[in-house]
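J.: The structure's right below; bear with me while I get my questions together.
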Amino acid sequence: MKNKLNSKRKVFIRTFGCQMNARDSEFVIGVLSERGFKKVDSAEKADVVLFNSCSVRKHAEDRLFSNIADLKKLKAGKPGLLVGLMGCTAQSYKDKALERAPVLDFVCGPGNEADLPEIIANVLKDRCPVVATDKTNEKRPELFPEYRQSAFKTFVSIGEGCNNFCSYCIVPYVRGRERSRDAKDIVREIRGLAGRGFREITLLGQNVNSYKGANGKGQGASFVKLLEGINSIDGIERVRFMTSHPKDASTDLFKAMRDLEKVCEHLHLPVQSGSDRILKLMNRGYTSKKYIRLVQKYKEILPKGALTTDIIVGFPGESDRDFNSTLKLIKDTGFDSAFSFKYSPRPPARSAKLKDNVPADVKQKRLEAVIDMQCDISQRCNAALKGKTLEILVDGCGSKDPRLLTGRTRTNKITVFNGSRGLIGKFVNVIVESVTPYALKGRMV
Ligand code: SF4
């Protein structure tokens, strides 16, 4: 990429998908801001519209392409407007993205995102589309640009990529093999954030428990060691992390969550299915028994800790019996909440070769059964908190009623209460007065 760009252009970014994508969007805004781009809040105001995409589920991908197609009209009235696709779908589709969405001017995979200013400059110079997806396994530049969406809580990536090849998952193909950032760089980044007033950090990785970063002294650092290093940073008051893989999570991690005062008592531990037969087909590397034992350990070590999970229903060949095993596991485990999804094939992930043979209406019914059961359990988990006083980091105000503030407990439960906007970014204590399956409601004390 030879072209350099120093631009006064305005950029709008639309992010789909997980926290990893949200962090990538911040990274890209940071890279573009350093080259003079200004972030704006709508496609109408922009010279460059970026779609940061997620291809983990077909439904999200279809929605993404429909949103891109919607820009056709805007572009017809504004011929200089550039439209770009970045993220997982960009990497998975490569040139084919231009066929599916002719409105696109460029396609940029996750490994090429640091090159976006040059990619945009090349499109402007040559007036022809650019596809840049050749750096799948690239390590990110360690000195991250400084743009952050929030002023007090933020994400810090500790690594990228995944070696697990769960049979339904596209991530290892689009984000490459696992690369851990060096521990000293992560700690330096978080120290810098603490100095700027950030109070809460969420560490991000596809599988944080397999983190193996160099520590700068010629030795490797485990995830627990990394947590210890971050726990000692003055100014940071909460540390969260995601995602943990059940085959790598350990009692050492749970003990660290108990003993390191800044590490929050919330574990997201995706189980995906309660059937050993389906778990094997998914290549998850554990049985339901092993998962339940792990959860028992977690609850022994952190009796007040929250536990959340992901569930996929309708995996190829999932019988009623398999599905009932999933319902039983959900009931026995008592998750605080669960994200549940209908299976969809994601080539080149291996399960795409299996016949997607659970009918759509059966998938839908199973999804509803999981949601109904989980709603009851979440309501019970939250009801147990009535009358308790909890520490909340205030992160915003209600969209309908600006007198209502929202925030999260250390266990990551959304909490709603009355208060003034000046409290956003501060810690307050709230006594819980009522609950729903999705949130706590209370008053400040
Ligand atoms: S652990 Fe499995 S589901 Fe998670 S990113 Fe890796 S391959 Fe995908």
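Labeling convention for the structure tokens: chains A, B, ... as they appear, residues from 1 per chain, ligands from 1 in order of appearance.
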Could the residues that lie within 6 Å of ligand 1, counting only C-alpha atoms and all ligand atoms, be listed as a JSON list (two decimals) with C-alpha atoms, in the first residue's frame?
T.:
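Result went into selection15.json, see below:
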[["chain", "number", "residue", "atom", "x", "y", "z"],
["A", 162, "CYS", "CA", -8.43, -19.22, 18.10],
["A", 164, "ASN", "CA", -10.03, -24.63, 19.00],
["A", 165, "PHE", "CA", -11.93, -25.18, 15.77],
["A", 166, "CYS", "CA", -15.32, -25.81, 17.33],
["A", 169, "CYS", "CA", -17.44, -21.72, 14.36],
["A", 171, "VAL", "CA", -13.62, -17.57, 13.96],
["A", 172, "PRO", "CA", -10.37, -19.58, 13.42],
["A", 206, "GLN", "CA", -11.60, -15.63, 21.99],
["A", 207, "ASN", "CA", -10.37, -17.92, 24.77]]
J.: List the spatial neighbours of Arg196 in chain A as a short mmCIF file (atom, residue, chain, number, x, y, z; two decimals) with C-alpha atoms, in the first residue's frame - criterion: any atom at most 10 Å away, only C-alpha atoms, same-chain residues fewer than 5 positions off excluded.
T.:
data_model
loop_
_atom_site.label_atom_id
_atom_site.label_comp_id
_atom_site.auth_asym_id
_atom_site.auth_seq_id
_atom_site.Cartn_x
_atom_site.Cartn_y
_atom_site.Cartn_z
CA ALA A 151 -14.40 7.79 29.23
CA PHE A 152 -14.45 5.37 32.19
CA ILE A 190 -4.00 -0.41 31.09
CA ARG A 191 -1.70 1.82 33.17
CA GLY A 235 -6.85 3.66 39.48
#
J.: Determine which residues of range 184-368 of chain A receive a DSSP assignment of alpha helix (DSSP H), computed from the backbone, and state them as a PyMOL selection string.
T.: chain A and resi 184-195+223-231+251-259+276-281+288-301+320-333+360-368
J.: Give me, as a PyMOL selection string, all polymer residues having an atom no more than 12 Å from Ser167 in chain A, counting only C-alpha atoms and skipping those fewer than 2 positions away in the same chain.
T.: chain A and resi 163-165+169-173+272+278-285+315-316+343-354
J.: Would you kindly return, as a PyMOL selection string, each protein, DNA or RNA residue with an atom no farther than 9 Å from any atom of Val130 in chain A, considering only C-alpha atoms and excluding same-chain residues fewer than 6 positions away?
T.: chain A and resi 95+105-108+119-120+122-123
J.: Keeping only C-alpha atoms, write the selected residues as an mmCIF file, in the first residue's frame.
T.:
data_model
loop_
_atom_site.group_PDB
_atom_site.id
_atom_site.type_symbol
_atom_site.label_atom_id
_atom_site.label_comp_id
_atom_site.auth_asym_id
_atom_site.auth_seq_id
_atom_site.Cartn_x
_atom_site.Cartn_y
_atom_site.Cartn_z
ATOM 1 C CA ASP A 95 -13.870 -10.523 -3.388
ATOM 2 C CA ASP A 105 -15.796 0.295 -2.516
ATOM 3 C CA PHE A 106 -13.449 -1.708 -0.313
ATOM 4 C CA VAL A 107 -13.241 -4.872 1.755
ATOM 5 C CA CYS A 108 -10.781 -5.074 4.652
ATOM 6 C CA ILE A 119 -6.786 1.396 1.489
ATOM 7 C CA ILE A 120 -9.091 4.440 1.360
ATOM 8 C CA ASN A 122 -5.950 3.814 -3.013
ATOM 9 C CA VAL A 123 -9.691 3.662 -3.697
#
J.: Point out the residue among A:Thr406, A:Asn324, A:Ser337, A:Asn21 with the least atom-to-atom distance to Leu269 in chain A, counting only C-alpha atoms.
T.: A:Ser337
J.: Check range 211-334 of chain A with DSSP on the backbone and list each residue it calls strand (DSSP E), as a ChimeraX atom specification.
T.: /A:213-214,220-221,238-242,266-268,306-313
J.: When you count only C-alpha atoms, which of these residues is closest to Ser420 in chain A: A:Arg403, A:Arg177, A:Lys38, A:Arg408?
T.: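 Result for the nearest residue to Ser420 in chain A: A:Arg403.
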J.: Using only C-alpha atoms, can you tell me which of A:Pro246, A:Ile236, A:Gly111, A:Leu227 comes closest to Asp259 in chain A?
T.: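 Of all the options, A:Leu227 lies closest to Asp259 in chain A.
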J.: Would you list the contacts of range 178-186 of chain A as a list in words, taking every protein, DNA or RNA residue within 6 Å and counting only C-alpha atoms, but skipping same-chain residues closer than 5 positions in sequence?
T.: Ile158, Gly159, Glu160, Gly161, Cys162, Asn163, Tyr211, Lys212, Gly213, Ala214 and Asn215 of chain A
J.: Write out the residues from the selection above, keeping N, CA and C atoms, as a PDB file, in the first residue's frame.
T.:
ATOM      1  N   ILE A 158      -6.425  -8.933  24.724  1.00  0.00           N
ATOM      2  CA  ILE A 158      -5.205  -9.597  25.208  1.00  0.00           C
ATOM      3  C   ILE A 158      -4.688 -10.593  24.177  1.00  0.00           C
ATOM      4  N   GLY A 159      -5.458 -10.795  23.138  1.00  0.00           N
ATOM      5  CA  GLY A 159      -5.009 -11.698  22.078  1.00  0.00           C
ATOM      6  C   GLY A 159      -6.085 -11.821  21.035  1.00  0.00           C
ATOM      7  N   GLU A 160      -5.755 -12.491  19.981  1.00  0.00           N
ATOM      8  CA  GLU A 160      -6.708 -12.655  18.884  1.00  0.00           C
ATOM      9  C   GLU A 160      -6.609 -14.034  18.310  1.00  0.00           C
ATOM     10  N   GLY A 161      -7.646 -14.447  17.598  1.00  0.00           N
ATOM     11  CA  GLY A 161      -7.613 -15.729  16.911  1.00  0.00           C
ATOM     12  C   GLY A 161      -7.928 -16.882  17.851  1.00  0.00           C
ATOM     13  N   CYS A 162      -8.054 -18.067  17.283  1.00  0.00           N
ATOM     14  CA  CYS A 162      -8.434 -19.222  18.097  1.00  0.00           C
ATOM     15  C   CYS A 162      -7.933 -20.498  17.444  1.00  0.00           C
ATOM     16  N   ASN A 163      -7.483 -21.441  18.292  1.00  0.00           N
ATOM     17  CA  ASN A 163      -6.993 -22.733  17.773  1.00  0.00           C
ATOM     18  C   ASN A 163      -7.989 -23.854  18.013  1.00  0.00           C
ATOM     19  N   TYR A 211      -4.508 -17.886  27.250  1.00  0.00           N
ATOM     20  CA  TYR A 211      -3.547 -16.784  27.061  1.00  0.00           C
ATOM     21  C   TYR A 211      -2.140 -17.241  27.452  1.00  0.00           C
ATOM     22  N   LYS A 212      -1.178 -16.960  26.575  1.00  0.00           N
ATOM     23  CA  LYS A 212       0.219 -17.292  26.880  1.00  0.00           C
ATOM     24  C   LYS A 212       1.089 -16.164  26.342  1.00  0.00           C
ATOM     25  N   GLY A 213       1.112 -15.053  27.032  1.00  0.00           N
ATOM     26  CA  GLY A 213       1.898 -13.926  26.529  1.00  0.00           C
ATOM     27  C   GLY A 213       3.283 -13.917  27.146  1.00  0.00           C
ATOM     28  N   ALA A 214       4.264 -13.411  26.389  1.00  0.00           N
ATOM     29  CA  ALA A 214       5.587 -13.235  26.986  1.00  0.00           C
ATOM     30  C   ALA A 214       5.475 -12.138  28.035  1.00  0.00           C
ATOM     31  N   ASN A 215       6.237 -12.265  29.118  1.00  0.00           N
ATOM     32  CA  ASN A 215       6.115 -11.244  30.164  1.00  0.00           C
ATOM     33  C   ASN A 215       7.205 -10.182  30.088  1.00  0.00           C
TER      34      ASN A 215
END
J.: Report as JSON, numbers by chain all protein, DNA and RNA residues lying within 10 Å of Gln149 in chain A, evaluated on only C-alpha atoms, omitting residues in the same chain fewer than 2 positions from it.
T.: {"A": [22, 23, 25, 26, 29, 147, 151, 152, 153, 154, 155]}
J.: Write out the residues from the selection above, keeping C-alpha atoms, as an mmCIF file, in the first residue's frame.
T.:
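again-v4.cif, freshly written:
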data_model
loop_
_atom_site.group_PDB
_atom_site.id
_atom_site.type_symbol
_atom_site.label_atom_id
_atom_site.label_comp_id
_atom_site.auth_asym_id
_atom_site.auth_seq_id
_atom_site.Cartn_x
_atom_site.Cartn_y
_atom_site.Cartn_z
ATOM 1 C CA ALA A 22 -16.635 -3.086 19.234
ATOM 2 C CA ARG A 23 -12.943 -2.904 20.198
ATOM 3 C CA SER A 25 -14.170 -0.291 15.678
ATOM 4 C CA GLU A 26 -12.421 1.809 18.345
ATOM 5 C CA ILE A 29 -11.503 5.093 14.509
ATOM 6 C CA TYR A 147 -9.710 6.504 20.736
ATOM 7 C CA ALA A 151 -14.401 7.788 29.234
ATOM 8 C CA PHE A 152 -14.447 5.365 32.190
ATOM 9 C CA LYS A 153 -14.891 1.748 31.007
ATOM 10 C CA THR A 154 -13.269 0.110 28.038
ATOM 11 C CA PHE A 155 -12.060 -3.061 26.336
#
J.: For a test of reading the model, state the distance in Å between CA of Val83 in chain A and CA of Asp70 in chain A, rounded to one decimal.
T.: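 Straight-line distance from CA of Val83 in chain A to CA of Asp70 in chain A works out to 11.4 Å.
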J.: As an exercise, work out the distance from CA of Thr202 in chain A to CA of Thr308 in chain A in Å and give it to one decimal place.
T.: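 Spanning CA of Thr202 in chain A to CA of Thr308 in chain A is a straight-line distance of 15.7 Å.
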J.: Need the shell around Ser340 in chain A: protein/DNA/RNA residues with any atom at most 7 Å away, counting only C-alpha atoms. Skip same-chain ones fewer than 4 positions apart. Format as a PyMOL selection string?
T.: chain A and resi 310-312+367
J.: Selection from above, C-alpha atoms, as a PDB file, in the first residue's frame, can you write it?
T.:
ATOM      1  CA  ASP A 310     -24.225 -19.494  25.443  1.00  0.00           C
ATOM      2  CA  ILE A 311     -26.537 -22.201  24.069  1.00  0.00           C
ATOM      3  CA  ILE A 312     -26.974 -23.368  20.469  1.00  0.00           C
ATOM      4  CA  LEU A 367     -35.187 -21.768  21.240  1.00  0.00           C
TER       5      LEU A 367
END
J.: Pick from A:Lys262, A:Lys331, A:Arg14, A:Lys135: nearest to Ala46 in chain A, with only C-alpha atoms counted?
T.: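 Nearest candidate to Ala46 in chain A out of A:Lys262, A:Lys331, A:Arg14, A:Lys135: A:Arg14.
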J.: Pick the closest to Val362 in chain A from A:Arg175, A:Lys10, A:Arg380, A:Lys342: which is it, counting only C-alpha atoms?
T.: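 The answer is A:Lys342, which sits nearest to Val362 in chain A.
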